[in-house]
Amino acid sequence: MTNDQLASEFGGDWTAQKIFEKTGVRSRRIAAPDETASDLGVAAAQKLFESGACAPADVDYLLFCTQSPDYFLPASACTMQSRLGLRTDAGAIDFNQGCSGWVYGLSLAKSLVEAGTADKVLLVTGETYSKYINARDRSVRTIFGDAAAATLVTAVEADHDLIGPFIFGTDGRGACNLIVPTGGARRPATTEVLPETTDTSGNWRSDANLFMNGPEIFNFTLQSVPRAVAQLLAKSGKAAGDVDFYIFHQANRFMLERLRAKVGVPAEKFWNDIEAIGNTVSSTIPIAWQQAREQGRLQSGAQVMAVGFGVGYSWSAAMAQVL
Amino acid sequence: MDRDVFYTRLAAVLQTSPEEFAAGGRRLPEEMDSVVLLDIMALVDELTGVALSPDALKKAKSADEILELAQ
């Protein structure tokens with residue numbers, strides 16, 4: 001879905017260029033009506049297997065991070081186990097987390113490996129927020145894209161930790177600022193067509209749609225992310241200059257540029273690019289990591305700081321070294 | 001912080017000239033949409049280091065009231 005397509009739908013003063021200037025996104029991928037987050041996750045995992053990283057039979061545990069599950073039950077990870085051909089003695093669970101999800105998953109995977117519970121953990125993040133978004137809500141439709149990513153976490157010989165330390169944060173008071181109000185047990189889905197209302201910015205939505213209070217999310221981010229970065233540096237005993245590359249959750253270019261300046265990271269050490277795919281929620285960090293590697297911006301041995309933040313409110317940050 | 005820089009850049013966010021903004025007492029619009037709010041929040045954060053609450057910002061009636069909030 002390109003900005004030109006969106007601009008022609010929105011009309012008025014919403015040009016393709018204005019959408020790009022406000023979001024940093026030129027196009028985003030939208031799942032087909034019958035395509036779910038687990039479908040995207042299976043495709044991502046299959047690409048990982050095809051890369052030679054490991055075979056399906058090698059996976060001891062599947063972690064699937066999504067807020068767009070196929071069903072209330074069973075877990076999407078269970079259906080993915082059979083579709084991917086993982087062993088039946090492999091563990092498989094979903095966990096519900098958004099923009100902080102990949103870092104959370106990395107910590108869970110590392111813990112499973114360190115505890116000796118699993119040798120190889122397949123961490124899959126997948127999201128299809130497009131299915132929750134009202135077509136007339138420019139505030140979110142311009143930003144979010146559907147995607148999945150697959151990451152293999154496994155033990156390797158090393159004289160120091162390659163992953164970690166981690167820090168986490170949660171403030172549930174912000175839950176109402178990024179939410180799909182209905183469809184869960186609190187407010188079950190209904191066969192009625194819910195009324196659509198408009199906000200002061202002219203965006204339309206119903207309670208079955210994704211709602212994002214952009215200014216409140218921005219305020220939360222400006223406060224929590226610099227603090228998280230400082231906490232992680234302190235916990236790891238490193239100075240900002242010891243970090244070779246910073247990959248924050250790719251929320252939107254505008255927000256990331258402000259965060260980069262606030263944290264004081266030079267542009268060449270900071271990833272800020274969602275031009276082609278938009279904000280893909282829990283997949284932004286692994287996708288950015290892969291893109292940075294492909295562009296030669298992540299060299300072997302580089303120390304990376306990854307920071308996830310958003311829906312919940314939830315945030316998390318981790319150090320990780322490039323193999 | 002240089003107040004004139006703030007006034008000039010705030011005028012740009014509000015899509016008016018610094019002169020017109022000053023002539024109008026640097027008053028803010030009655031209602032600001034989320035795009036404008038975000039731009040003002042980013043500007044205040046950049047110039048003062050303060051992350052303003054959107055609710056507080058919505059109640060500000062002038063550029064100077066924004067600066068008071070940021071102190």
# chains A, B, ... in the order shown; residues from 1 in each chain; ligands from 1
call {"tool": "residues_around", "arguments": {"residues": "B:Val5", "least_positions_apart": "4", "cutoff": "10 Å", "atoms": "only C-alpha atoms", "output": "PDB file with N, CA and C atoms, in the first residue's frame"}}
result
ATOM      1  N   MET B   1      17.348  28.927  26.758  1.00  0.00           N
ATOM      2  CA  MET B   1      16.642  28.779  25.480  1.00  0.00           C
ATOM      3  C   MET B   1      16.322  30.151  24.894  1.00  0.00           C
ATOM      4  N   ARG B   9       9.755  29.156  15.460  1.00  0.00           N
ATOM      5  CA  ARG B   9       9.484  27.772  15.047  1.00  0.00           C
ATOM      6  C   ARG B   9       8.056  27.359  15.390  1.00  0.00           C
ATOM      7  N   LEU B  10       7.531  27.898  16.477  1.00  0.00           N
ATOM      8  CA  LEU B  10       6.133  27.599  16.808  1.00  0.00           C
ATOM      9  C   LEU B  10       5.202  28.202  15.755  1.00  0.00           C
ATOM     10  N   ALA B  11       5.530  29.396  15.309  1.00  0.00           N
ATOM     11  CA  ALA B  11       4.727  30.019  14.248  1.00  0.00           C
ATOM     12  C   ALA B  11       4.734  29.137  13.004  1.00  0.00           C
ATOM     13  N   PRO B  18       6.023  34.627  11.740  1.00  0.00           N
ATOM     14  CA  PRO B  18       6.364  35.112  13.087  1.00  0.00           C
ATOM     15  C   PRO B  18       5.711  36.465  13.376  1.00  0.00           C
ATOM     16  N   LEU B  47      13.937  22.043  22.445  1.00  0.00           N
ATOM     17  CA  LEU B  47      14.506  23.304  22.927  1.00  0.00           C
ATOM     18  C   LEU B  47      14.670  23.359  24.442  1.00  0.00           C
TER      19      LEU B  47
END
call {"tool": "closest_atom_pairs", "arguments": {"of": "chain A", "to": "chain B", "cutoff": "6 Å", "atoms": "only C-alpha atoms", "output": "Markdown table"}}
result
| residue | atom | partner | partner_atom | distance |
| --- | --- | --- | --- | --- |
| A:Thr200 | CA | B:Asp33 | CA | 5.9 |
| A:Ser201 | CA | B:Asp33 | CA | 4.9 |
| A:Pro215 | CA | B:Leu38 | CA | 5.6 |
| A:Asn219 | CA | B:Ala51 | CA | 5.9 |
call {"tool": "select_by_dssp", "arguments": {"residues": "stretch 65-251 of chain A", "states": "alpha helix (DSSP H)", "output": "ChimeraX atom specification"}}
result
/A:76-84,101-114,138-141,214-236
call {"tool": "write_last_selection", "arguments": {"atoms": "N, CA and C atoms", "output": "CSV table (one decimal), in the first residue's frame"}}
result
chain,number,residue,atom,x,y,z
A,76,SER,N,-1.5,-20.0,18.5
A,76,SER,CA,-1.0,-20.0,17.1
A,76,SER,C,0.3,-20.8,17.0
A,77,ALA,N,1.1,-20.7,18.0
A,77,ALA,CA,2.4,-21.5,18.0
A,77,ALA,C,2.1,-23.0,17.8
A,78,CYS,N,1.0,-23.5,18.3
A,78,CYS,CA,0.7,-24.9,18.2
A,78,CYS,C,0.5,-25.3,16.7
A,79,THR,N,-0.3,-24.4,16.1
A,79,THR,CA,-0.6,-24.7,14.6
A,79,THR,C,0.7,-24.5,13.8
A,80,MET,N,1.5,-23.6,14.2
A,80,MET,CA,2.7,-23.3,13.5
A,80,MET,C,3.7,-24.5,13.7
A,81,GLN,N,3.7,-25.2,14.8
A,81,GLN,CA,4.6,-26.3,15.0
A,81,GLN,C,4.3,-27.4,13.9
A,82,SER,N,3.1,-27.7,13.7
A,82,SER,CA,2.8,-28.7,12.7
A,82,SER,C,3.1,-28.2,11.3
A,83,ARG,N,2.7,-27.0,11.0
A,83,ARG,CA,2.9,-26.4,9.6
A,83,ARG,C,4.4,-26.3,9.3
A,84,LEU,N,5.2,-26.1,10.3
A,84,LEU,CA,6.7,-25.9,10.1
A,84,LEU,C,7.4,-27.3,10.2
A,101,GLY,N,8.1,-6.6,22.1
A,101,GLY,CA,8.0,-8.0,22.0
A,101,GLY,C,9.2,-8.8,21.6
A,102,TRP,N,10.0,-8.2,20.7
A,102,TRP,CA,11.2,-9.0,20.2
A,102,TRP,C,12.2,-9.1,21.3
A,103,VAL,N,12.4,-8.0,22.0
A,103,VAL,CA,13.4,-8.0,23.1
A,103,VAL,C,12.9,-8.9,24.3
A,104,TYR,N,11.6,-8.8,24.5
A,104,TYR,CA,11.1,-9.8,25.5
A,104,TYR,C,11.3,-11.2,25.1
A,105,GLY,N,11.1,-11.5,23.8
A,105,GLY,CA,11.3,-12.9,23.3
A,105,GLY,C,12.7,-13.3,23.4
A,106,LEU,N,13.6,-12.3,23.1
A,106,LEU,CA,15.0,-12.6,23.2
A,106,LEU,C,15.4,-13.0,24.6
A,107,SER,N,14.9,-12.3,25.6
A,107,SER,CA,15.2,-12.7,27.0
A,107,SER,C,14.6,-14.0,27.4
A,108,LEU,N,13.4,-14.3,26.9
A,108,LEU,CA,12.8,-15.6,27.2
A,108,LEU,C,13.6,-16.8,26.5
A,109,ALA,N,14.0,-16.5,25.3
A,109,ALA,CA,14.8,-17.5,24.5
A,109,ALA,C,16.1,-17.8,25.2
A,110,LYS,N,16.8,-16.7,25.6
A,110,LYS,CA,18.1,-16.8,26.2
A,110,LYS,C,18.0,-17.6,27.5
A,111,SER,N,16.9,-17.3,28.3
A,111,SER,CA,16.7,-18.0,29.6
A,111,SER,C,16.5,-19.5,29.3
A,112,LEU,N,15.7,-19.8,28.3
A,112,LEU,CA,15.4,-21.2,28.0
A,112,LEU,C,16.8,-22.0,27.7
A,113,VAL,N,17.6,-21.3,26.9
A,113,VAL,CA,18.9,-21.9,26.5
A,113,VAL,C,19.8,-22.0,27.8
A,114,GLU,N,19.9,-21.0,28.5
A,114,GLU,CA,20.8,-21.0,29.7
A,114,GLU,C,20.4,-22.0,30.7
A,138,ARG,N,-6.4,7.9,9.5
A,138,ARG,CA,-5.1,8.3,8.9
A,138,ARG,C,-4.0,8.2,9.9
A,139,SER,N,-4.3,8.3,11.2
A,139,SER,CA,-3.3,8.4,12.2
A,139,SER,C,-2.6,7.0,12.4
A,140,VAL,N,-3.2,6.0,12.1
A,140,VAL,CA,-2.6,4.6,12.2
A,140,VAL,C,-2.4,4.0,10.8
A,141,ARG,N,-3.3,4.3,9.9
A,141,ARG,CA,-3.2,3.6,8.6
A,141,ARG,C,-2.0,4.0,7.8
A,214,GLY,N,-1.7,9.3,19.7
A,214,GLY,CA,-0.4,9.6,19.3
A,214,GLY,C,0.4,10.5,20.2
A,215,PRO,N,-0.2,11.7,20.6
A,215,PRO,CA,0.5,12.6,21.6
A,215,PRO,C,0.8,11.9,22.9
A,216,GLU,N,-0.1,11.1,23.4
A,216,GLU,CA,0.2,10.4,24.7
A,216,GLU,C,1.3,9.4,24.5
A,217,ILE,N,1.3,8.7,23.4
A,217,ILE,CA,2.4,7.7,23.2
A,217,ILE,C,3.7,8.4,23.0
A,218,PHE,N,3.7,9.5,22.3
A,218,PHE,CA,4.9,10.3,22.1
A,218,PHE,C,5.5,10.7,23.5
A,219,ASN,N,4.6,11.2,24.3
A,219,ASN,CA,5.0,11.7,25.6
A,219,ASN,C,5.6,10.6,26.5
A,220,PHE,N,4.9,9.4,26.4
A,220,PHE,CA,5.5,8.2,27.1
A,220,PHE,C,6.9,7.9,26.6
A,221,THR,N,7.0,7.9,25.3
A,221,THR,CA,8.2,7.5,24.7
A,221,THR,C,9.4,8.4,25.0
A,222,LEU,N,9.1,9.7,25.0
A,222,LEU,CA,10.1,10.7,25.3
A,222,LEU,C,10.6,10.6,26.7
A,223,GLN,N,9.7,10.1,27.6
A,223,GLN,CA,10.1,9.9,29.0
A,223,GLN,C,10.8,8.6,29.3
A,224,SER,N,10.2,7.5,28.7
A,224,SER,CA,10.7,6.2,29.1
A,224,SER,C,11.9,5.7,28.3
A,225,VAL,N,12.1,6.1,27.0
A,225,VAL,CA,13.2,5.5,26.3
A,225,VAL,C,14.5,6.0,26.7
A,226,PRO,N,14.7,7.4,26.9
A,226,PRO,CA,16.0,7.8,27.3
A,226,PRO,C,16.4,7.2,28.7
A,227,ARG,N,15.4,7.0,29.6
A,227,ARG,CA,15.6,6.4,30.9
A,227,ARG,C,16.0,4.9,30.7
A,228,ALA,N,15.4,4.2,29.8
A,228,ALA,CA,15.7,2.8,29.6
A,228,ALA,C,17.1,2.7,29.0
A,229,VAL,N,17.5,3.6,28.1
A,229,VAL,CA,18.9,3.5,27.6
A,229,VAL,C,19.9,3.7,28.7
A,230,ALA,N,19.6,4.7,29.6
A,230,ALA,CA,20.6,5.0,30.7
A,230,ALA,C,20.6,3.8,31.6
A,231,GLN,N,19.5,3.2,31.9
A,231,GLN,CA,19.5,2.1,32.8
A,231,GLN,C,20.2,0.9,32.3
A,232,LEU,N,20.1,0.7,31.0
A,232,LEU,CA,20.8,-0.5,30.4
A,232,LEU,C,22.3,-0.2,30.3
A,233,LEU,N,22.7,1.0,30.0
A,233,LEU,CA,24.1,1.3,30.0
A,233,LEU,C,24.7,1.1,31.4
A,234,ALA,N,24.0,1.5,32.4
A,234,ALA,CA,24.5,1.4,33.8
A,234,ALA,C,24.5,-0.1,34.1
A,235,LYS,N,23.5,-0.9,33.8
A,235,LYS,CA,23.5,-2.3,34.1
A,235,LYS,C,24.6,-3.1,33.4
A,236,SER,N,24.9,-2.6,32.2
A,236,SER,CA,25.9,-3.4,31.4
A,236,SER,C,27.3,-2.8,31.7
call {"tool": "residues_around", "arguments": {"residues": "stretch 7-16 of chain A", "least_positions_apart": "5", "cutoff": "9 Å", "atoms": "only C-alpha atoms", "output": "mmCIF file with N, CA and C atoms, in the first residue's frame"}}
result
data_model
loop_
_atom_site.group_PDB
_atom_site.id
_atom_site.type_symbol
_atom_site.label_atom_id
_atom_site.label_comp_id
_atom_site.auth_asym_id
_atom_site.auth_seq_id
_atom_site.Cartn_x
_atom_site.Cartn_y
_atom_site.Cartn_z
ATOM 1 N N THR A 2 0.831 2.011 -1.078
ATOM 2 C CA THR A 2 1.738 3.160 -1.193
ATOM 3 C C THR A 2 1.067 4.430 -0.673
ATOM 4 N N GLU A 21 6.540 12.801 4.979
ATOM 5 C CA GLU A 21 7.208 13.740 5.890
ATOM 6 C C GLU A 21 6.791 13.521 7.336
ATOM 7 N N ARG A 26 6.894 5.316 3.023
ATOM 8 C CA ARG A 26 6.397 5.505 1.653
ATOM 9 C C ARG A 26 5.439 4.391 1.255
ATOM 10 N N ALA A 135 -10.316 2.041 7.849
ATOM 11 C CA ALA A 135 -9.773 2.593 6.590
ATOM 12 C C ALA A 135 -9.729 4.114 6.607
ATOM 13 N N ARG A 136 -10.558 4.739 7.461
ATOM 14 C CA ARG A 136 -10.583 6.210 7.497
ATOM 15 C C ARG A 136 -9.788 6.784 8.674
ATOM 16 N N ARG A 138 -6.438 7.935 9.490
ATOM 17 C CA ARG A 138 -5.139 8.269 8.895
ATOM 18 C C ARG A 138 -4.002 8.165 9.911
#
call {"tool": "residues_around", "arguments": {"residues": "A:Pro56", "least_positions_apart": "4", "cutoff": "7 Å", "atoms": "only C-alpha atoms", "output": "compact mmCIF listing (two decimals) with N, CA and C atoms, in the first residue's frame"}}
result
# COMPACT_ATOMS: atom_id res chain seq x y z
N PHE A 49 14.88 -21.37 7.77
CA PHE A 49 15.35 -22.74 7.53
C PHE A 49 16.07 -22.85 6.19
N LEU A 84 5.25 -26.06 10.33
CA LEU A 84 6.69 -25.93 10.10
C LEU A 84 7.42 -27.26 10.17
N GLY A 85 6.72 -28.29 10.63
CA GLY A 85 7.36 -29.59 10.74
C GLY A 85 8.30 -29.69 11.92
N LEU A 86 8.00 -28.95 12.98
CA LEU A 86 8.83 -29.05 14.18
C LEU A 86 8.51 -30.36 14.89
call {"tool": "decode", "arguments": {"residues": "stretch 14-29 of chain B", "atoms": "N, CA and C atoms", "output": "JSON list (two decimals), in the first residue's frame"}}
result
[["chain", "number", "residue", "atom", "x", "y", "z"],
["B", 14, "LEU", "N", 2.42, 26.30, 13.37],
["B", 14, "LEU", "CA", 1.02, 26.75, 13.27],
["B", 14, "LEU", "C", 0.73, 27.35, 11.89],
["B", 15, "GLN", "N", 1.69, 27.24, 11.00],
["B", 15, "GLN", "CA", 1.56, 27.69, 9.61],
["B", 15, "GLN", "C", 1.16, 29.15, 9.51],
["B", 16, "THR", "N", 1.87, 29.98, 10.28],
["B", 16, "THR", "CA", 1.70, 31.42, 10.19],
["B", 16, "THR", "C", 3.08, 32.06, 10.21],
["B", 17, "SER", "N", 3.14, 33.36, 9.94],
["B", 17, "SER", "CA", 4.45, 34.02, 9.97],
["B", 17, "SER", "C", 4.74, 34.47, 11.40],
["B", 18, "PRO", "N", 6.02, 34.63, 11.74],
["B", 18, "PRO", "CA", 6.36, 35.11, 13.09],
["B", 18, "PRO", "C", 5.71, 36.47, 13.38],
["B", 19, "GLU", "N", 5.61, 37.31, 12.36],
["B", 19, "GLU", "CA", 5.04, 38.64, 12.55],
["B", 19, "GLU", "C", 3.54, 38.54, 12.87],
["B", 20, "GLU", "N", 2.84, 37.75, 12.10],
["B", 20, "GLU", "CA", 1.39, 37.58, 12.35],
["B", 20, "GLU", "C", 1.15, 36.93, 13.69],
["B", 21, "PHE", "N", 2.00, 35.97, 14.02],
["B", 21, "PHE", "CA", 1.85, 35.27, 15.30],
["B", 21, "PHE", "C", 2.03, 36.27, 16.45],
["B", 22, "ALA", "N", 3.06, 37.13, 16.33],
["B", 22, "ALA", "CA", 3.32, 38.13, 17.38],
["B", 22, "ALA", "C", 2.18, 39.13, 17.46],
["B", 23, "ALA", "N", 1.69, 39.55, 16.31],
["B", 23, "ALA", "CA", 0.60, 40.54, 16.29],
["B", 23, "ALA", "C", -0.66, 39.99, 16.95],
["B", 24, "GLY", "N", -0.83, 38.69, 16.90],
["B", 24, "GLY", "CA", -2.00, 38.07, 17.53],
["B", 24, "GLY", "C", -1.77, 37.68, 18.98],
["B", 25, "GLY", "N", -0.69, 38.19, 19.57],
["B", 25, "GLY", "CA", -0.41, 37.88, 20.97],
["B", 25, "GLY", "C", 0.14, 36.48, 21.18],
["B", 26, "ARG", "N", 0.60, 35.90, 20.09],
["B", 26, "ARG", "CA", 1.16, 34.52, 20.12],
["B", 26, "ARG", "C", 0.19, 33.55, 20.76],
["B", 27, "ARG", "N", -1.09, 33.76, 20.44],
["B", 27, "ARG", "CA", -2.13, 32.88, 20.99],
["B", 27, "ARG", "C", -2.19, 31.59, 20.18],
["B", 28, "LEU", "N", -2.59, 30.53, 20.83],
["B", 28, "LEU", "CA", -2.70, 29.23, 20.17],
["B", 28, "LEU", "C", -4.13, 29.03, 19.68],
["B", 29, "PRO", "N", -4.29, 28.18, 18.66],
["B", 29, "PRO", "CA", -5.67, 27.90, 18.20],
["B", 29, "PRO", "C", -6.48, 27.25, 19.32]]
